[in-house]
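Printed here is coords_1.tsv (TSV, C-alpha atoms):
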```
chain	number	residue	atom	x	y	z
O	1104	MET	CA	-19.67	7.29	-5.73
O	1105	GLU	CA	-21.11	7.28	-2.22
O	1106	ARG	CA	-17.76	6.19	-0.82
O	1107	THR	CA	-16.04	9.04	-2.66
O	1108	ARG	CA	-18.50	11.56	-1.23
O	1109	GLN	CA	-17.98	10.12	2.23
O	1110	ARG	CA	-14.23	10.45	1.89
O	1111	MET	CA	-14.61	14.07	0.76
O	1112	ARG	CA	-16.82	14.87	3.75
O	1113	THR	CA	-14.38	13.19	6.11
O	1114	GLY	CA	-11.44	15.02	4.56
O	1115	LEU	CA	-13.20	18.37	4.80
O	1116	GLY	CA	-14.06	17.69	8.42
O	1117	ARG	CA	-10.44	16.95	9.23
O	1118	LEU	CA	-9.26	20.04	7.40
O	1119	ALA	CA	-11.77	22.14	9.34
O	1120	THR	CA	-10.50	20.66	12.59
O	1121	LEU	CA	-6.92	21.39	11.61
O	1122	ALA	CA	-7.82	24.95	10.59
O	1123	CYS	CA	-9.41	25.56	13.99
O	1124	ALA	CA	-6.33	24.13	15.68
O	1125	LEU	CA	-4.00	26.37	13.70
O	1126	ALA	CA	-6.17	29.33	14.62
O	1127	LEU	CA	-5.60	28.36	18.25
O	1128	VAL	CA	-1.87	28.46	17.64
O	1129	ALA	CA	-2.14	31.95	16.15
O	1130	LEU	CA	-4.02	33.11	19.24
O	1131	THR	CA	-1.47	31.40	21.44
O	1132	ALA	CA	1.40	33.15	19.68
O	1133	THR	CA	-0.09	36.62	20.07
O	1134	ALA	CA	-1.93	36.41	23.36
O	1135	ALA	CA	0.02	33.91	25.42
O	1136	GLY	CA	3.40	33.52	23.82
O	1137	ALA	CA	5.17	35.39	26.59
O	1138	ALA	CA	3.74	33.30	29.42
O	1139	ASP	CA	6.30	31.70	31.71
O	1140	PRO	CA	5.84	27.91	31.41
O	1141	ASP	CA	7.35	27.41	34.89
O	1142	ASP	CA	4.96	29.86	36.58
O	1143	ASP	CA	2.41	27.76	38.45
O	1144	ALA	CA	0.10	30.77	38.63
O	1145	ASP	CA	-0.27	30.56	34.83
O	1146	ASP	CA	-3.28	28.26	34.94
O	1147	PRO	CA	-6.22	30.53	34.06
O	1148	LEU	CA	-8.44	27.51	33.38
O	1149	GLU	CA	-7.61	25.82	36.67
O	1150	GLY	CA	-11.24	25.30	37.70
O	1151	LEU	CA	-12.08	23.56	34.42
O	1152	ASN	CA	-8.79	21.68	34.40
O	1153	ARG	CA	-9.34	20.32	37.89
O	1154	SER	CA	-12.82	19.18	36.89
O	1155	LEU	CA	-11.40	17.39	33.84
O	1156	TYR	CA	-8.66	15.91	36.02
O	1157	ASP	CA	-11.36	14.46	38.29
O	1158	VAL	CA	-13.21	13.10	35.24
O	1159	ASN	CA	-9.98	11.52	34.08
O	1160	ARG	CA	-9.45	9.89	37.49
O	1161	VAL	CA	-12.91	8.32	37.28
O	1162	LEU	CA	-12.37	7.08	33.72
O	1163	ASP	CA	-8.92	5.81	34.66
O	1164	GLY	CA	-10.20	3.96	37.71
O	1165	LEU	CA	-13.12	2.39	35.87
O	1166	LEU	CA	-11.51	1.60	32.52
O	1167	LEU	CA	-7.91	2.44	31.77
O	1168	LYS	CA	-6.07	1.28	34.88
O	1169	PRO	CA	-7.91	-2.09	35.05
O	1170	ALA	CA	-7.25	-2.63	31.33
O	1171	ALA	CA	-3.59	-1.72	31.84
O	1172	MET	CA	-3.29	-4.17	34.73
O	1173	VAL	CA	-4.83	-6.96	32.64
O	1174	TYR	CA	-2.52	-6.06	29.73
O	1175	ARG	CA	0.50	-6.23	32.02
O	1176	GLY	CA	-0.69	-9.41	33.69
O	1177	VAL	CA	-1.46	-11.31	30.50
O	1178	LEU	CA	1.48	-10.33	28.31
O	1179	PRO	CA	5.05	-11.12	29.41
O	1180	GLU	CA	7.44	-8.19	29.71
O	1181	GLU	CA	9.30	-9.25	26.57
O	1182	VAL	CA	6.10	-9.09	24.52
O	1183	ARG	CA	5.14	-5.71	25.97
O	1184	ASP	CA	8.62	-4.41	25.14
O	1185	GLY	CA	8.15	-5.65	21.57
O	1186	VAL	CA	4.83	-3.81	21.32
O	1187	ARG	CA	6.44	-0.61	22.61
O	1188	ASN	CA	9.34	-0.99	20.18
O	1189	VAL	CA	6.97	-1.35	17.21
O	1190	LEU	CA	4.95	1.69	18.31
O	1191	ASP	CA	8.13	3.73	18.72
O	1192	ASN	CA	9.42	2.60	15.33
O	1193	LEU	CA	6.18	3.67	13.64
O	1194	LYS	CA	6.78	7.18	14.98
O	1195	GLY	CA	10.12	7.35	13.16
O	1196	PRO	CA	8.92	9.32	10.10
O	1197	VAL	CA	7.16	11.91	12.29
O	1198	ILE	CA	10.24	12.30	14.49
O	1199	LEU	CA	12.45	12.63	11.39
O	1200	ALA	CA	10.22	15.33	9.89
O	1201	ASN	CA	10.29	17.33	13.10
O	1202	ASP	CA	14.05	16.89	13.50
O	1203	LEU	CA	14.47	18.43	10.06
O	1204	MET	CA	11.99	21.25	10.66
O	1205	GLN	CA	13.91	22.14	13.82
O	1206	GLY	CA	17.23	22.19	11.97
O	1207	GLU	CA	18.55	19.23	13.98
O	1208	SER	CA	20.46	17.51	11.18
O	1209	THR	CA	22.55	15.27	13.45
O	1210	ARG	CA	19.50	14.02	15.34
O	1211	ALA	CA	17.68	13.56	12.01
O	1212	GLY	CA	20.51	11.30	10.86
O	1213	VAL	CA	20.20	9.19	14.01
O	1214	THR	CA	16.42	8.94	13.54
O	1215	LEU	CA	16.79	7.85	9.92
O	1216	LYS	CA	19.42	5.23	10.76
O	1217	ARG	CA	17.34	3.94	13.68
O	1218	PHE	CA	14.29	3.54	11.47
O	1219	ALA	CA	16.29	1.72	8.79
O	1220	VAL	CA	17.98	-0.64	11.25
O	1221	ASN	CA	14.91	-1.42	13.34
O	1222	SER	CA	12.66	-1.89	10.30
O	1223	THR	CA	15.04	-4.50	8.89
O	1224	VAL	CA	17.35	-6.12	11.42
O	1225	GLY	CA	14.85	-5.31	14.15
O	1226	MET	CA	12.02	-7.13	12.36
O	1227	LEU	CA	9.74	-4.12	11.74
O	1228	GLY	CA	10.72	-2.66	15.08
O	1229	VAL	CA	9.96	-5.60	17.35
O	1230	ARG	CA	13.59	-5.49	18.46
O	1231	ASP	CA	15.37	-2.22	19.18
O	1232	ALA	CA	18.47	-3.33	17.29
O	1233	ALA	CA	19.52	0.29	16.70
O	1234	SER	CA	20.19	1.00	20.37
O	1235	ALA	CA	22.63	-1.91	20.43
O	1236	GLU	CA	24.56	0.00	17.74
O	1237	GLY	CA	24.62	3.20	19.79
O	1238	LEU	CA	21.71	4.80	17.92
O	1239	TYR	CA	19.56	5.84	20.86
O	1240	ARG	CA	15.97	6.97	20.50
O	1241	HIS	CA	14.80	10.52	21.07
O	1242	ASP	CA	11.35	11.98	20.63
O	1243	GLU	CA	10.18	14.98	18.61
O	1244	ASP	CA	6.74	16.24	17.68
O	1245	PHE	CA	5.23	19.25	15.97
O	1246	GLY	CA	4.37	20.85	19.31
O	1247	GLN	CA	8.10	20.95	20.05
O	1248	THR	CA	8.75	22.26	16.55
O	1249	LEU	CA	6.29	25.12	17.08
O	1250	ALA	CA	8.04	25.93	20.36
O	1251	VAL	CA	11.43	26.03	18.59
O	1252	TRP	CA	9.85	28.39	16.05
O	1253	GLY	CA	8.89	30.73	18.90
O	1254	ILE	CA	5.23	29.83	19.38
O	1255	GLY	CA	4.15	30.04	23.00
O	1256	GLY	CA	2.34	27.17	24.65
O	1257	GLY	CA	-0.68	29.10	25.86
O	1258	PRO	CA	-2.71	28.19	28.92
O	1259	TYR	CA	-2.22	24.89	30.67
O	1260	LEU	CA	-4.81	22.24	29.79
O	1261	PHE	CA	-5.63	18.87	31.31
O	1262	LEU	CA	-7.55	16.63	28.92
O	1263	PRO	CA	-9.00	13.21	29.76
O	1264	LEU	CA	-6.84	10.37	28.35
O	1265	LEU	CA	-4.35	12.87	26.89
O	1266	GLY	CA	-3.34	14.31	30.25
O	1267	PRO	CA	-1.38	17.58	30.72
O	1268	THR	CA	-0.97	19.67	27.57
O	1269	ASN	CA	-1.61	23.13	26.08
O	1270	PRO	CA	-3.13	24.55	22.86
O	1271	ARG	CA	0.21	24.50	21.02
O	1272	ASP	CA	0.81	20.83	21.79
O	1273	VAL	CA	-2.77	19.84	20.95
O	1274	THR	CA	-2.25	21.49	17.58
O	1275	GLY	CA	1.07	19.70	17.20
O	1276	MET	CA	-0.60	16.36	17.88
O	1277	LEU	CA	-3.22	17.03	15.18
O	1278	VAL	CA	-0.59	18.04	12.64
O	1279	ASP	CA	1.59	15.02	13.44
O	1280	ASN	CA	-1.34	12.61	13.08
O	1281	PHE	CA	-3.27	14.11	10.17
O	1282	VAL	CA	-0.59	15.89	8.12
O	1283	ILE	CA	2.83	14.35	8.74
O	1284	ASP	CA	2.26	10.71	9.72
O	1285	PRO	CA	2.49	8.55	6.56
O	1286	TRP	CA	0.85	5.51	8.20
O	1287	GLY	CA	-2.26	7.52	8.96
O	1288	HIS	CA	-2.46	8.69	5.36
O	1289	MET	CA	-2.16	5.12	4.09
O	1290	ALA	CA	-4.76	3.84	6.56
O	1291	ARG	CA	-7.28	6.48	5.51
O	1292	ALA	CA	-6.56	6.01	1.79
O	1293	THR	CA	-7.24	2.28	2.05
O	1294	ASP	CA	-10.23	2.51	4.41
O	1295	ASN	CA	-8.21	0.92	7.19
O	1296	ASP	CA	-8.86	3.45	9.93
O	1297	TRP	CA	-8.92	0.55	12.40
O	1298	PHE	CA	-5.11	0.56	12.16
O	1299	SER	CA	-4.88	4.13	13.48
O	1300	TYR	CA	-7.40	3.48	16.25
O	1301	THR	CA	-5.63	0.27	17.29
O	1302	ARG	CA	-2.26	1.99	17.27
O	1303	PHE	CA	-3.56	4.87	19.39
O	1304	GLY	CA	-5.29	2.51	21.81
O	1305	LEU	CA	-2.18	0.36	22.26
O	1306	ASP	CA	-0.05	3.45	22.81
O	1307	VAL	CA	-2.36	4.72	25.56
O	1308	LEU	CA	-2.69	1.26	27.14
O	1309	ASP	CA	1.02	0.47	27.10
O	1310	THR	CA	1.94	3.92	28.46
O	1311	ARG	CA	-0.58	3.52	31.30
O	1312	ALA	CA	0.73	0.03	32.09
O	1313	ARG	CA	4.28	1.37	32.36
O	1314	ASN	CA	3.21	4.09	34.81
O	1315	ILE	CA	0.93	2.24	37.22
O	1316	GLU	CA	3.28	2.47	40.21
O	1317	ALA	CA	4.39	6.04	39.45
O	1318	LEU	CA	0.83	7.38	39.26
O	1319	ASP	CA	-0.24	5.40	42.33
O	1320	ASP	CA	2.68	6.94	44.21
O	1321	ILE	CA	1.62	10.45	43.17
O	1322	GLU	CA	-1.96	9.85	44.32
O	1323	ARG	CA	-0.80	8.44	47.67
O	1324	ASN	CA	2.00	10.82	48.58
O	1325	GLN	CA	1.28	14.22	47.01
O	1326	ILE	CA	-0.91	16.67	48.91
O	1327	ASP	CA	-2.18	18.09	45.61
O	1328	PRO	CA	-1.61	15.55	42.78
O	1329	TYR	CA	-3.06	17.93	40.19
O	1330	ALA	CA	-0.53	20.68	41.01
O	1331	PHE	CA	2.34	18.17	41.16
O	1332	ILE	CA	1.48	16.79	37.71
O	1333	ARG	CA	1.12	20.33	36.32
O	1334	THR	CA	4.57	21.37	37.59
O	1335	THR	CA	6.45	18.21	36.60
O	1336	SER	CA	4.81	17.99	33.17
O	1337	ARG	CA	5.81	21.58	32.39
O	1338	GLN	CA	9.39	20.95	33.49
O	1339	ARG	CA	9.59	17.77	31.42
O	1340	ARG	CA	8.15	19.50	28.38
O	1341	ALA	CA	10.59	22.41	28.68
O	1342	SER	CA	13.47	19.91	28.77
O	1343	GLU	CA	12.10	18.09	25.71
O	1344	ILE	CA	11.85	21.33	23.75
O	1345	LEU	CA	15.46	22.18	24.57
O	1346	ASN	CA	16.53	18.60	23.73
O	1347	GLY	CA	18.09	18.34	27.18
O	1348	ARG	CA	20.24	21.44	26.76
O	1349	PRO	CA	20.32	24.03	29.57
O	1350	ALA	CA	18.00	27.00	29.06
O	1351	SER	CA	20.93	29.24	28.12
O	1352	GLY	CA	21.48	26.99	25.11
O	1353	ALA	CA	18.04	27.59	23.67
O	1354	ARG	CA	17.96	29.03	20.18
```
Exercise: express the given structure as structure tokens:
Amino acid sequence: MERTRQRMRTGLGRLATLACALALVALTATAAGAADPDDDADDPLEGLNRSLYDVNRVLDGLLLKPAAMVYRGVLPEEVRDGVRNVLDNLKGPVILANDLMQGESTRAGVTLKRFAVNSTVGMLGVRDAASAEGLYRHDEDFGQTLAVWGIGGGPYLFLPLLGPTNPRDVTGMLVDNFVIDPWGHMARATDNDWFSYTRFGLDVLDTRARNIEALDDIERNQIDPYAFIRTTSRQRRASEILNGRPASGAR
């Protein structure tokens, strides 16, 4: 009985969090939907963002970068590639759902075939067997889906560990993880939340390990690393939303 009550309280807490996030999206759509994502002046929270960027640099220097260097030093590249392949394969159902919600039927077919091939021939995703068959990976998330539906991003945000983002994409992340992702539902239903935490931790660690040199280069060679990251992250996100198409091809 106590476990049931605990699950209900946890579920209500997550629903409340999601409701707040969706409220943020509504505000974003009405108040900030027309903002130009390529306008570097559109950073009304710049003071706070720069403070959080500095916090992130401290946390990264003390914890994340050293852990990423140990991870890369201990595990051979082939093993790290296998870890990344498994993590990417686990995202398949979320990518498929967002492909479909965006009306991308061809890309949805590729995602479904990739998941089937890599989950079987690829040994649960350890090997990216699908790419060898010409089924190349792409990424989709609910933040991109909201953008395709016409929801503006809102003000630029920099969050420790998560990095550059905005209210729409934070909401998308919550929806992907707590509404769409089937593995998260199964983990919570079976009291195996450790699986979700481990998966998230490995994703952050592996991503950081793959970007050690790139981030070091930004810190060394950019006059204002914060502004550089803000500009490049916005450009990359705009390209992701358009699925690589030129802006004139946006729907």
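Among the candidates O:Asn1159, O:Thr1248, O:Thr1293, O:Thr1223, the one nearest to Met1204 (chain O) when counting only C-alpha atoms is O:Thr1248.
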### Task
Select, from O:Arg1311, O:Lys1194, O:Arg1175, O:Arg1210, the residue with the minimum atom-to-atom distance to Gly1266 (chain O), counting only C-alpha atoms.
O:Arg1311
## Note on the structure
Ala1317 (chain O) proximity check over O:Leu1305, O:Val1173, O:Ile1332, O:Leu1260, using all atoms listed in the file: winner is O:Ile1332
### Task
Counting only C-alpha atoms, find the residues whose atoms lie at most 6 Å from (-0.8, 23.4, 35.7) (file coordinates) and write them out as an MDAnalysis selection string.
chainID O and resid 1146 1259 1330 1333
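Atom to atom, CA of Asp1294 (chain O) and CA of Val1189 (chain O) stand 21.8 Å apart.
The space separating CA of Ala1235 (chain O) from CA of Pro1349 (chain O) comes to 27.6 Å.
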### Query
Which is closest to Val1229 (chain O) among O:Asp1184, O:Asp1145, O:Glu1343, O:Asp1279, if we use all atoms listed in the file?
O:Asp1184
### Task
Record the distance separating CA of Gly1257 (chain O) and CA of Asn1346 (chain O), expressed in Å with one decimal.
20.3 Å
